[in-house]
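> I'm passing along final.cif; it holds mmCIF, C-alpha atoms.
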```cif
data_coords
loop_
_atom_site.group_PDB
_atom_site.id
_atom_site.type_symbol
_atom_site.label_atom_id
_atom_site.label_comp_id
_atom_site.auth_asym_id
_atom_site.auth_seq_id
_atom_site.Cartn_x
_atom_site.Cartn_y
_atom_site.Cartn_z
ATOM 1 C CA MET A 942 127.562 59.492 145.202
ATOM 2 C CA SER A 943 125.971 62.388 143.290
ATOM 3 C CA ASN A 944 125.457 65.774 144.910
ATOM 4 C CA PRO A 945 122.108 66.482 146.581
ATOM 5 C CA PRO A 946 119.565 68.259 144.335
ATOM 6 C CA ARG A 947 120.196 71.978 144.088
ATOM 7 C CA ASP A 948 117.710 74.483 145.453
ATOM 8 C CA LEU A 949 115.984 77.192 143.413
ATOM 9 C CA ALA A 950 118.622 79.844 144.082
ATOM 10 C CA GLU A 951 121.436 77.542 142.964
ATOM 11 C CA LEU A 952 119.473 76.523 139.866
ATOM 12 C CA VAL A 953 118.728 80.152 138.973
ATOM 13 C CA SER A 954 122.462 80.862 138.994
ATOM 14 C CA LEU A 955 122.849 78.310 136.178
ATOM 15 C CA PHE A 956 120.678 80.518 133.966
ATOM 16 C CA LEU A 957 122.154 83.869 134.877
ATOM 17 C CA PRO A 958 124.402 83.773 132.999
ATOM 18 C CA VAL A 959 123.449 80.616 131.076
ATOM 19 C CA LYS A 960 125.790 77.763 131.896
ATOM 20 C CA PHE A 961 125.627 75.225 129.093
ATOM 21 C CA GLY A 962 126.620 71.620 129.552
ATOM 22 C CA GLU A 963 125.394 71.328 133.134
ATOM 23 C CA ASP A 964 123.961 67.913 133.919
ATOM 24 C CA LEU A 965 120.551 68.701 135.323
ATOM 25 C CA SER A 966 119.203 65.157 135.080
ATOM 26 C CA HIS A 967 119.375 64.584 138.850
ATOM 27 C CA GLU A 968 117.593 67.801 139.677
ATOM 28 C CA ASN A 969 113.908 68.199 140.429
ATOM 29 C CA GLU A 970 112.563 68.998 136.970
ATOM 30 C CA LEU A 971 109.920 71.402 138.247
ATOM 31 C CA ASP A 972 112.558 73.303 140.186
ATOM 32 C CA VAL A 973 114.670 73.529 137.034
ATOM 33 C CA LEU A 974 111.654 74.749 135.088
ATOM 34 C CA ALA A 975 110.807 77.331 137.755
ATOM 35 C CA ALA A 976 114.401 78.532 137.818
ATOM 36 C CA SER A 977 114.549 78.939 134.028
ATOM 37 C CA LEU A 978 111.205 80.745 133.957
ATOM 38 C CA GLY A 979 112.226 82.935 136.878
ATOM 39 C CA ALA A 980 115.465 83.885 135.150
ATOM 40 C CA PHE A 981 113.581 84.486 131.910
ATOM 41 C CA THR A 982 110.995 86.706 133.621
ATOM 42 C CA ALA A 983 113.689 88.797 135.289
ATOM 43 C CA ALA A 984 115.579 89.204 131.999
ATOM 44 C CA VAL A 985 112.440 90.063 130.022
ATOM 45 C CA THR A 986 111.154 92.695 132.405
ATOM 46 C CA THR A 987 114.585 94.285 132.812
ATOM 47 C CA LYS A 988 116.165 94.102 129.353
ATOM 48 C CA ILE A 989 113.396 93.370 126.853
ATOM 49 C CA THR A 990 110.411 95.386 128.056
ATOM 50 C CA PRO A 991 112.298 98.696 127.500
ATOM 51 C CA MET A 992 113.151 97.768 123.893
ATOM 52 C CA SER A 993 111.508 99.384 120.882
ATOM 53 C CA TRP A 994 109.103 97.282 118.809
ATOM 54 C CA SER A 995 111.630 96.759 116.029
ATOM 55 C CA GLU A 996 114.523 95.879 118.415
ATOM 56 C CA ARG A 997 112.251 93.400 120.108
ATOM 57 C CA THR A 998 111.022 91.888 116.840
ATOM 58 C CA ASP A 999 114.612 91.492 115.627
ATOM 59 C CA LEU A 1000 115.524 89.797 118.903
ATOM 60 C CA CYS A 1001 112.656 87.317 118.460
ATOM 61 C CA ARG A 1002 114.010 86.451 115.049
ATOM 62 C CA ARG A 1003 117.546 85.903 116.381
ATOM 63 C CA VAL A 1004 116.318 83.717 119.238
ATOM 64 C CA ALA A 1005 114.260 81.557 116.851
ATOM 65 C CA ALA A 1006 117.181 81.363 114.405
ATOM 66 C CA ARG A 1007 119.426 79.772 117.058
ATOM 67 C CA VAL A 1008 117.329 76.613 116.993
ATOM 68 C CA ASP A 1009 116.061 76.844 113.444
ATOM 69 C CA GLY A 1010 112.608 75.296 113.165
ATOM 70 C CA GLU A 1011 112.094 74.469 116.823
ATOM 71 C CA PHE A 1012 109.819 77.441 117.421
ATOM 72 C CA ALA A 1013 108.662 80.411 115.369
ATOM 73 C CA ALA A 1014 109.640 84.024 116.047
ATOM 74 C CA TRP A 1015 106.079 84.944 117.014
ATOM 75 C CA MET A 1016 106.190 82.349 119.785
ATOM 76 C CA VAL A 1017 109.218 84.101 121.266
ATOM 77 C CA GLU A 1018 107.269 87.367 121.339
ATOM 78 C CA ALA A 1019 104.312 85.515 122.876
ATOM 79 C CA ALA A 1020 106.638 84.136 125.600
ATOM 80 C CA PHE A 1021 107.958 87.663 126.293
ATOM 81 C CA ARG A 1022 104.407 88.962 126.723
ATOM 82 C CA SER A 1023 103.477 86.051 128.937
ATOM 83 C CA ALA A 1024 106.467 86.841 131.156
ATOM 84 C CA GLU A 1025 105.240 90.428 131.257
ATOM 85 C CA GLY A 1026 101.880 89.260 132.584
ATOM 86 C CA ASP A 1027 99.756 88.934 129.429
ATOM 87 C CA GLN A 1028 97.638 85.862 130.052
ATOM 88 C CA GLU A 1029 96.303 85.654 126.493
ATOM 89 C CA ALA A 1030 99.663 85.743 124.737
ATOM 90 C CA LEU A 1031 100.235 81.972 124.647
ATOM 91 C CA VAL A 1032 96.685 80.958 123.678
ATOM 92 C CA GLY A 1033 96.835 78.218 121.077
ATOM 93 C CA ALA A 1034 100.638 77.923 121.157
ATOM 94 C CA ASP A 1035 102.018 74.380 121.434
ATOM 95 C CA PRO A 1036 103.588 74.147 124.936
ATOM 96 C CA GLN A 1037 106.174 71.615 123.757
ATOM 97 C CA LYS A 1038 107.478 74.079 121.213
ATOM 98 C CA LEU A 1039 107.774 76.855 123.801
ATOM 99 C CA ALA A 1040 110.013 74.893 126.152
ATOM 100 C CA GLY A 1041 113.343 76.048 124.713
ATOM 101 C CA ILE A 1042 112.504 79.735 124.516
ATOM 102 C CA PRO A 1043 113.714 80.862 127.979
ATOM 103 C CA VAL A 1044 117.174 79.314 127.677
ATOM 104 C CA GLU A 1045 117.707 80.423 124.075
ATOM 105 C CA THR A 1046 116.623 83.976 124.930
ATOM 106 C CA LEU A 1047 119.011 84.118 127.873
ATOM 107 C CA ALA A 1048 121.784 82.767 125.660
ATOM 108 C CA VAL A 1049 121.211 85.431 122.974
ATOM 109 C CA LEU A 1050 120.998 88.224 125.546
ATOM 110 C CA GLY A 1051 124.215 86.901 127.078
ATOM 111 C CA THR A 1052 126.058 87.370 123.776
ATOM 112 C CA GLU A 1053 124.545 90.794 123.133
ATOM 113 C CA SER A 1054 123.370 93.055 125.889
ATOM 114 C CA LEU A 1055 123.466 91.168 129.167
ATOM 115 C CA SER A 1056 126.896 91.295 130.770
ATOM 116 C CA ARG A 1057 127.985 88.752 133.352
ATOM 117 C CA ASP A 1058 127.608 91.339 136.118
ATOM 118 C CA GLU A 1059 124.130 92.322 134.979
ATOM 119 C CA ALA A 1060 123.111 88.672 134.735
ATOM 120 C CA GLU A 1061 124.304 87.986 138.264
ATOM 121 C CA ALA A 1062 122.481 91.086 139.469
ATOM 122 C CA LEU A 1063 119.260 89.582 138.106
ATOM 123 C CA ARG A 1064 119.592 86.453 140.232
ATOM 124 C CA ALA A 1065 117.780 87.842 143.266
ATOM 125 C CA PRO A 1066 114.647 88.990 141.395
ATOM 126 C CA ALA A 1067 114.799 85.792 139.320
ATOM 127 C CA VAL A 1068 114.663 83.666 142.467
ATOM 128 C CA GLU A 1069 111.639 85.669 143.657
ATOM 129 C CA HIS A 1070 109.874 84.973 140.362
ATOM 130 C CA ALA A 1071 110.873 81.306 140.488
ATOM 131 C CA ARG A 1072 109.454 80.916 143.999
ATOM 132 C CA ALA A 1073 106.206 82.604 142.932
ATOM 133 C CA LEU A 1074 105.869 80.389 139.827
ATOM 134 C CA ARG A 1075 106.846 77.123 141.437
ATOM 135 C CA PRO A 1076 103.516 76.065 143.044
ATOM 136 C CA ALA A 1077 101.541 76.427 139.796
ATOM 137 C CA LEU A 1078 103.944 74.114 137.956
ATOM 138 C CA GLU A 1079 102.654 71.134 139.976
ATOM 139 C CA ASN A 1080 99.467 71.301 137.934
ATOM 140 C CA ILE A 1081 101.025 71.137 134.492
ATOM 141 C CA PRO A 1082 100.209 67.825 132.742
ATOM 142 C CA ARG A 1083 103.401 65.936 131.941
ATOM 143 C CA MET B 510 85.691 80.877 88.341
ATOM 144 C CA SER B 511 84.190 83.850 90.088
ATOM 145 C CA ASP B 512 81.175 81.759 91.039
ATOM 146 C CA SER B 513 83.162 79.322 93.156
ATOM 147 C CA VAL B 514 85.295 82.185 94.470
ATOM 148 C CA LYS B 515 82.149 83.967 95.632
ATOM 149 C CA LYS B 516 80.911 80.795 97.331
ATOM 150 C CA PHE B 517 84.229 80.574 99.148
ATOM 151 C CA LEU B 518 84.106 84.248 100.124
ATOM 152 C CA ARG B 519 80.523 84.040 101.381
ATOM 153 C CA TRP B 520 81.369 81.053 103.519
ATOM 154 C CA THR B 521 84.544 82.741 104.875
ATOM 155 C CA LEU B 522 82.569 85.893 105.689
ATOM 156 C CA GLY B 523 79.871 83.938 107.525
ATOM 157 C CA VAL B 524 76.996 84.862 105.238
ATOM 158 C CA GLU B 525 73.720 83.541 106.663
ATOM 159 C CA GLY B 526 72.863 80.255 105.016
ATOM 160 C CA ALA B 527 76.074 80.009 103.000
ATOM 161 C CA PRO B 528 76.911 76.310 102.630
ATOM 162 C CA LYS B 529 80.255 75.051 103.891
ATOM 163 C CA PHE B 530 82.642 75.437 101.016
ATOM 164 C CA GLU B 531 84.479 72.344 99.807
ATOM 165 C CA PRO B 532 87.368 73.278 97.515
ATOM 166 C CA THR B 533 88.513 71.025 94.698
ATOM 167 C CA ALA B 534 92.191 70.544 93.977
ATOM 168 C CA GLU B 535 92.187 72.988 91.031
ATOM 169 C CA ASP B 536 90.589 75.663 93.166
ATOM 170 C CA VAL B 537 93.419 75.866 95.685
ATOM 171 C CA LYS B 538 95.599 78.466 93.978
ATOM 172 C CA THR B 539 92.622 80.619 93.063
ATOM 173 C CA LEU B 540 91.260 80.412 96.572
ATOM 174 C CA MET B 541 94.596 81.372 98.088
ATOM 175 C CA ALA B 542 94.505 84.476 95.879
ATOM 176 C CA ALA B 543 90.876 85.091 96.880
ATOM 177 C CA GLY B 544 91.713 84.886 100.582
ATOM 178 C CA ILE B 545 94.636 87.283 100.211
ATOM 179 C CA SER B 546 92.551 89.704 98.147
ATOM 180 C CA LEU B 547 89.690 89.532 100.651
ATOM 181 C CA PHE B 548 92.078 90.347 103.465
ATOM 182 C CA ALA B 549 93.592 93.242 101.515
ATOM 183 C CA VAL B 550 90.163 94.702 100.687
ATOM 184 C CA THR B 551 88.820 94.437 104.243
ATOM 185 C CA LEU B 552 92.010 95.898 105.748
ATOM 186 C CA ASP B 553 91.844 98.761 103.273
ATOM 187 C CA LYS B 554 88.314 99.529 104.459
ATOM 188 C CA TYR B 555 89.268 99.268 108.109
ATOM 189 C CA PHE B 556 92.519 101.237 108.308
ATOM 190 C CA ASP B 557 92.955 104.652 106.701
ATOM 191 C CA ASP B 558 96.748 104.392 106.839
ATOM 192 C CA ASP B 559 99.246 101.612 107.445
ATOM 193 C CA PRO B 560 98.532 100.478 111.005
ATOM 194 C CA THR B 561 101.075 100.717 113.780
ATOM 195 C CA PRO B 562 101.758 97.569 115.803
ATOM 196 C CA ALA B 563 99.483 98.987 118.515
ATOM 197 C CA GLN B 564 96.647 99.483 116.032
ATOM 198 C CA ALA B 565 97.114 95.981 114.670
ATOM 199 C CA ALA B 566 96.987 94.667 118.246
ATOM 200 C CA GLU B 567 93.792 96.622 118.890
ATOM 201 C CA LEU B 568 92.081 95.080 115.867
ATOM 202 C CA ALA B 569 93.212 91.605 116.886
ATOM 203 C CA THR B 570 91.779 92.201 120.371
ATOM 204 C CA LYS B 571 88.432 93.388 119.001
ATOM 205 C CA VAL B 572 88.100 90.356 116.747
ATOM 206 C CA ARG B 573 89.048 87.960 119.566
ATOM 207 C CA GLN B 574 86.758 89.568 122.102
ATOM 208 C CA THR B 575 83.716 90.128 119.957
ATOM 209 C CA TRP B 576 83.517 87.928 116.908
ATOM 210 C CA VAL B 577 85.377 84.645 117.282
ATOM 211 C CA GLN B 578 86.327 81.998 119.816
ATOM 212 C CA PRO B 579 89.437 83.518 121.402
ATOM 213 C CA GLU B 580 91.132 80.094 121.654
ATOM 214 C CA GLY B 581 91.192 79.907 117.868
ATOM 215 C CA LEU B 582 93.168 83.108 117.374
ATOM 216 C CA ASN B 583 96.464 83.799 119.064
ATOM 217 C CA PRO B 584 96.710 87.588 119.598
ATOM 218 C CA VAL B 585 100.446 87.833 118.849
ATOM 219 C CA LEU B 586 100.119 85.877 115.636
ATOM 220 C CA ALA B 587 96.999 87.815 114.566
ATOM 221 C CA GLU B 588 98.819 91.090 115.071
ATOM 222 C CA ARG B 589 101.757 89.897 112.967
ATOM 223 C CA VAL B 590 99.491 88.598 110.187
ATOM 224 C CA ILE B 591 97.906 92.062 109.970
ATOM 225 C CA LEU B 592 101.263 93.861 109.796
ATOM 226 C CA ASN B 593 102.546 91.268 107.334
ATOM 227 C CA ALA B 594 99.766 92.298 104.920
ATOM 228 C CA TYR B 595 101.347 95.763 104.827
ATOM 229 C CA GLY B 596 104.677 94.393 103.748
ATOM 230 C CA ASP B 597 106.362 94.110 107.144
ATOM 231 C CA GLU B 598 108.884 91.492 106.228
ATOM 232 C CA ASP B 599 109.763 88.332 108.046
ATOM 233 C CA LEU B 600 107.046 88.588 110.649
ATOM 234 C CA VAL B 601 105.375 85.320 109.709
ATOM 235 C CA ASP B 602 107.752 83.736 107.193
ATOM 236 C CA ASP B 603 108.360 80.844 109.618
ATOM 237 C CA VAL B 604 104.632 80.132 109.946
ATOM 238 C CA PRO B 605 103.007 77.627 107.555
ATOM 239 C CA ARG B 606 101.161 79.447 104.766
ATOM 240 C CA THR B 607 97.949 77.530 105.515
ATOM 241 C CA GLU B 608 98.011 78.814 109.102
ATOM 242 C CA VAL B 609 98.563 82.407 107.940
ATOM 243 C CA ALA B 610 95.661 81.969 105.509
ATOM 244 C CA ARG B 611 93.422 80.599 108.252
ATOM 245 C CA ILE B 612 94.121 83.656 110.381
ATOM 246 C CA GLU B 613 93.617 86.046 107.458
ATOM 247 C CA HIS B 614 90.186 84.500 106.883
ATOM 248 C CA ILE B 615 89.228 84.870 110.536
ATOM 249 C CA LEU B 616 90.387 88.492 110.586
ATOM 250 C CA SER B 617 88.523 89.271 107.345
ATOM 251 C CA TYR B 618 85.389 87.876 108.933
ATOM 252 C CA GLY B 619 85.957 89.950 112.070
ATOM 253 C CA ILE B 620 86.578 93.139 110.080
ATOM 254 C CA ARG B 621 83.386 92.697 108.071
ATOM 255 C CA ARG B 622 81.486 92.364 111.384
ATOM 256 C CA GLU B 623 83.262 95.394 112.842
ATOM 257 C CA LEU B 624 82.370 97.431 109.754
ATOM 258 C CA LYS B 625 78.802 96.093 109.890
ATOM 259 C CA ILE B 626 78.813 94.951 106.281
ATOM 260 C CA GLU B 627 75.484 93.173 106.261
ATOM 261 C CA ASP B 628 74.411 90.241 104.107
ATOM 262 C CA GLY B 629 72.798 91.449 100.921
ATOM 263 C CA PRO B 630 73.836 94.260 98.581
ATOM 264 C CA ALA B 631 76.643 95.579 100.815
ATOM 265 C CA LEU B 632 78.228 92.162 101.119
ATOM 266 C CA GLU B 633 77.825 91.376 97.424
ATOM 267 C CA ALA B 634 79.518 94.697 96.621
ATOM 268 C CA LEU B 635 82.417 93.613 98.822
ATOM 269 C CA LEU B 636 82.677 90.336 96.901
ATOM 270 C CA ASP B 637 82.750 92.242 93.607
ATOM 271 C CA GLU B 638 85.578 94.397 94.946
ATOM 272 C CA VAL B 639 87.534 91.307 95.896
ATOM 273 C CA ILE B 640 87.017 89.757 92.458
ATOM 274 C CA ALA B 641 88.126 93.028 90.848
ATOM 275 C CA VAL B 642 91.323 93.014 92.930
ATOM 276 C CA MET B 643 91.963 89.412 91.914
ATOM 277 C CA ASN B 644 91.469 90.257 88.246
ATOM 278 C CA GLY B 645 93.766 93.225 88.644
ATOM 279 C CA GLN B 646 96.393 90.880 90.003
ATOM 280 C CA VAL B 647 95.906 88.539 87.079
ATOM 281 C CA LYS B 648 96.427 91.379 84.605
ATOM 282 C CA GLY B 649 99.568 92.309 86.575
#
```
Take the structure from the file and write it as structure tokens.

Amino acid sequence: MSNPPRDLAELVSLFLPVKFGEDLSHENELDVLAASLGAFTAAVTTKITPMSWSERTDLCRRVAARVDGEFAAWMVEAAFRSAEGDQEALVGADPQKLAGIPVETLAVLGTESLSRDEAEALRAPAVEHARALRPALENIPR
Amino acid sequence: MSDSVKKFLRWTLGVEGAPKFEPTAEDVKTLMAAGISLFAVTLDKYFDDDPTPAQAAELATKVRQTWVQPEGLNPVLAERVILNAYGDEDLVDDVPRTEVARIEHILSYGIRRELKIEDGPALEALLDEVIAVMNGQVKG
């Protein structure tokens, strides 16, 4: 008998820090999406927004390089801006290509500038973001 | 050569009455050079110095808001295409060249509108400048 589906707070903890290899197939996919986006938003606004333009641009390149060819570096920057509240940033970007950006960003930050303690400290704001984002995800065509 | 290049440039720049340009296979390399030269010439007229990322973003915003369908021009990509023209490396090297070219054309069109380069002598002078840049490139 598999465990009951995890709630948003539990799911967020799988992204901060990123826990690879978790079987999320039995989870509510919109909850997983909300959790990843919530974690991403918290990480962007805390760690990435303060970066200089060149630090940020280099980070985009490193995130895209992790999954060579899946998405372009500019899409990573567009995802950062979207998380920061820019509603135009993702115009024209293929949503399928964007899907991996939150996890890959969190993974790169985890190896560079986001310690385990800092990641865990982001869980509370990440859950807030996830809860705020969750209702809108119902409307995404799948 | 310069005749078909000028037809391409007029169409790209939205000259009133310019017929839709249909390139032939041999034209492709020349037209790529024409598009790049057009972009270089219009940027040179628009910016006095190398633009900062903020200035590039401002131009992208103006073009999106005023001159083109915003859905056709992603602001992040437009900004990077502008900075890429000034030699900022690796900003768009993972973007297909045809997509970069498409955006350069749109931005060139937007800049010519921003600078109010009207159809007629002013526009034809712009075309001559572009051809001159292309010939300069050919001479090396």
> Counting all atoms listed in the file, a student should be able to say which residues of chain B come within 9 Å of chain A; what is the right answer, written as a VMD selection string?
chain B and resid 562 579 to 586 589 599 to 604
> List, as a compact mmCIF listing (two decimals) with C-alpha atoms, keeping the file's coordinate frame, every residue that the PyMOL selection byres ((chain B and resi 543) around 10) selects in the file provided.

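Result written to part_1.txt:
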```txt
# COMPACT_ATOMS: atom_id res chain seq x y z
CA SER B 511 84.19 83.85 90.09
CA VAL B 514 85.30 82.18 94.47
CA LYS B 515 82.15 83.97 95.63
CA PHE B 517 84.23 80.57 99.15
CA LEU B 518 84.11 84.25 100.12
CA VAL B 537 93.42 75.87 95.68
CA LYS B 538 95.60 78.47 93.98
CA THR B 539 92.62 80.62 93.06
CA LEU B 540 91.26 80.41 96.57
CA MET B 541 94.60 81.37 98.09
CA ALA B 542 94.50 84.48 95.88
CA GLY B 544 91.71 84.89 100.58
CA ILE B 545 94.64 87.28 100.21
CA SER B 546 92.55 89.70 98.15
CA LEU B 547 89.69 89.53 100.65
CA PHE B 548 92.08 90.35 103.46
CA ALA B 549 93.59 93.24 101.52
CA LEU B 636 82.68 90.34 96.90
CA VAL B 639 87.53 91.31 95.90
CA ILE B 640 87.02 89.76 92.46
CA VAL B 642 91.32 93.01 92.93
CA MET B 643 91.96 89.41 91.91
```
> Expanded to explicit residues, what is the PyMOL selection byres ((chain A and resi 1066) around 12) for this file, as number ranges by chain?
A: 950, 953-954, 957, 976, 978-987, 1059-1065, 1067-1073
> Filtering to C-alpha atoms, could you give me those residues as a PDB file, keeping the file's coordinate frame?

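For reference, result_15.pdb as written:
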```
ATOM      1  CA  ALA A 950     118.622  79.844 144.082  1.00  0.00           C
ATOM      2  CA  VAL A 953     118.728  80.152 138.973  1.00  0.00           C
ATOM      3  CA  SER A 954     122.462  80.862 138.994  1.00  0.00           C
ATOM      4  CA  LEU A 957     122.154  83.869 134.877  1.00  0.00           C
ATOM      5  CA  ALA A 976     114.401  78.532 137.818  1.00  0.00           C
ATOM      6  CA  LEU A 978     111.205  80.745 133.957  1.00  0.00           C
ATOM      7  CA  GLY A 979     112.226  82.935 136.878  1.00  0.00           C
ATOM      8  CA  ALA A 980     115.465  83.885 135.150  1.00  0.00           C
ATOM      9  CA  PHE A 981     113.581  84.486 131.910  1.00  0.00           C
ATOM     10  CA  THR A 982     110.995  86.706 133.621  1.00  0.00           C
ATOM     11  CA  ALA A 983     113.689  88.797 135.289  1.00  0.00           C
ATOM     12  CA  ALA A 984     115.579  89.204 131.999  1.00  0.00           C
ATOM     13  CA  VAL A 985     112.440  90.063 130.022  1.00  0.00           C
ATOM     14  CA  THR A 986     111.154  92.695 132.405  1.00  0.00           C
ATOM     15  CA  THR A 987     114.585  94.285 132.812  1.00  0.00           C
ATOM     16  CA  GLU A1059     124.130  92.322 134.979  1.00  0.00           C
ATOM     17  CA  ALA A1060     123.111  88.672 134.735  1.00  0.00           C
ATOM     18  CA  GLU A1061     124.304  87.986 138.264  1.00  0.00           C
ATOM     19  CA  ALA A1062     122.481  91.086 139.469  1.00  0.00           C
ATOM     20  CA  LEU A1063     119.260  89.582 138.106  1.00  0.00           C
ATOM     21  CA  ARG A1064     119.592  86.453 140.232  1.00  0.00           C
ATOM     22  CA  ALA A1065     117.780  87.842 143.266  1.00  0.00           C
ATOM     23  CA  ALA A1067     114.799  85.792 139.320  1.00  0.00           C
ATOM     24  CA  VAL A1068     114.663  83.666 142.467  1.00  0.00           C
ATOM     25  CA  GLU A1069     111.639  85.669 143.657  1.00  0.00           C
ATOM     26  CA  HIS A1070     109.874  84.973 140.362  1.00  0.00           C
ATOM     27  CA  ALA A1071     110.873  81.306 140.488  1.00  0.00           C
ATOM     28  CA  ARG A1072     109.454  80.916 143.999  1.00  0.00           C
ATOM     29  CA  ALA A1073     106.206  82.604 142.932  1.00  0.00           C
TER      30      ALA A1073
END
```
> Find the residues near stretch 1039-1048 of chain A: any atom within 6 Å, counting all atoms listed in the file, skip ones fewer than 2 places away on the same chain, and give them as a list in words.
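That gives Phe981, Val1004, Pro1036, Gln1037, Leu1050 and Gly1051 of chain A.
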> I want to know what sits within 12 Å of B:Gln564, based on only C-alpha atoms, with residues of the same chain fewer than 2 positions away left out; could you give that as a PyMOL selection string?
chain B and resi 552+555-562+566-571+587-589+591-592
> Grab the residues selected above and save them as a PDB file, keeping the file's coordinate frame with C-alpha atoms.

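In the end it all went to result.pdb:
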```pdb
ATOM      1  CA  LEU B 552      92.010  95.898 105.748  1.00  0.00           C
ATOM      2  CA  TYR B 555      89.268  99.268 108.109  1.00  0.00           C
ATOM      3  CA  PHE B 556      92.519 101.237 108.308  1.00  0.00           C
ATOM      4  CA  ASP B 557      92.955 104.652 106.701  1.00  0.00           C
ATOM      5  CA  ASP B 558      96.748 104.392 106.839  1.00  0.00           C
ATOM      6  CA  ASP B 559      99.246 101.612 107.445  1.00  0.00           C
ATOM      7  CA  PRO B 560      98.532 100.478 111.005  1.00  0.00           C
ATOM      8  CA  THR B 561     101.075 100.717 113.780  1.00  0.00           C
ATOM      9  CA  PRO B 562     101.758  97.569 115.803  1.00  0.00           C
ATOM     10  CA  ALA B 566      96.987  94.667 118.246  1.00  0.00           C
ATOM     11  CA  GLU B 567      93.792  96.622 118.890  1.00  0.00           C
ATOM     12  CA  LEU B 568      92.081  95.080 115.867  1.00  0.00           C
ATOM     13  CA  ALA B 569      93.212  91.605 116.886  1.00  0.00           C
ATOM     14  CA  THR B 570      91.779  92.201 120.371  1.00  0.00           C
ATOM     15  CA  LYS B 571      88.432  93.388 119.001  1.00  0.00           C
ATOM     16  CA  ALA B 587      96.999  87.815 114.566  1.00  0.00           C
ATOM     17  CA  GLU B 588      98.819  91.090 115.071  1.00  0.00           C
ATOM     18  CA  ARG B 589     101.757  89.897 112.967  1.00  0.00           C
ATOM     19  CA  ILE B 591      97.906  92.062 109.970  1.00  0.00           C
ATOM     20  CA  LEU B 592     101.263  93.861 109.796  1.00  0.00           C
TER      21      LEU B 592
END
```
> How many Å lie between atom CA of B:Ile612 and atom CA of B:Leu522, rounded to one decimal?
12.7 Å
> How many Å lie between atom CA of B:Leu635 and atom CA of B:Asp597, rounded to one decimal?
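Going from atom CA of B:Leu635 over to atom CA of B:Asp597, I get 25.4 Å.
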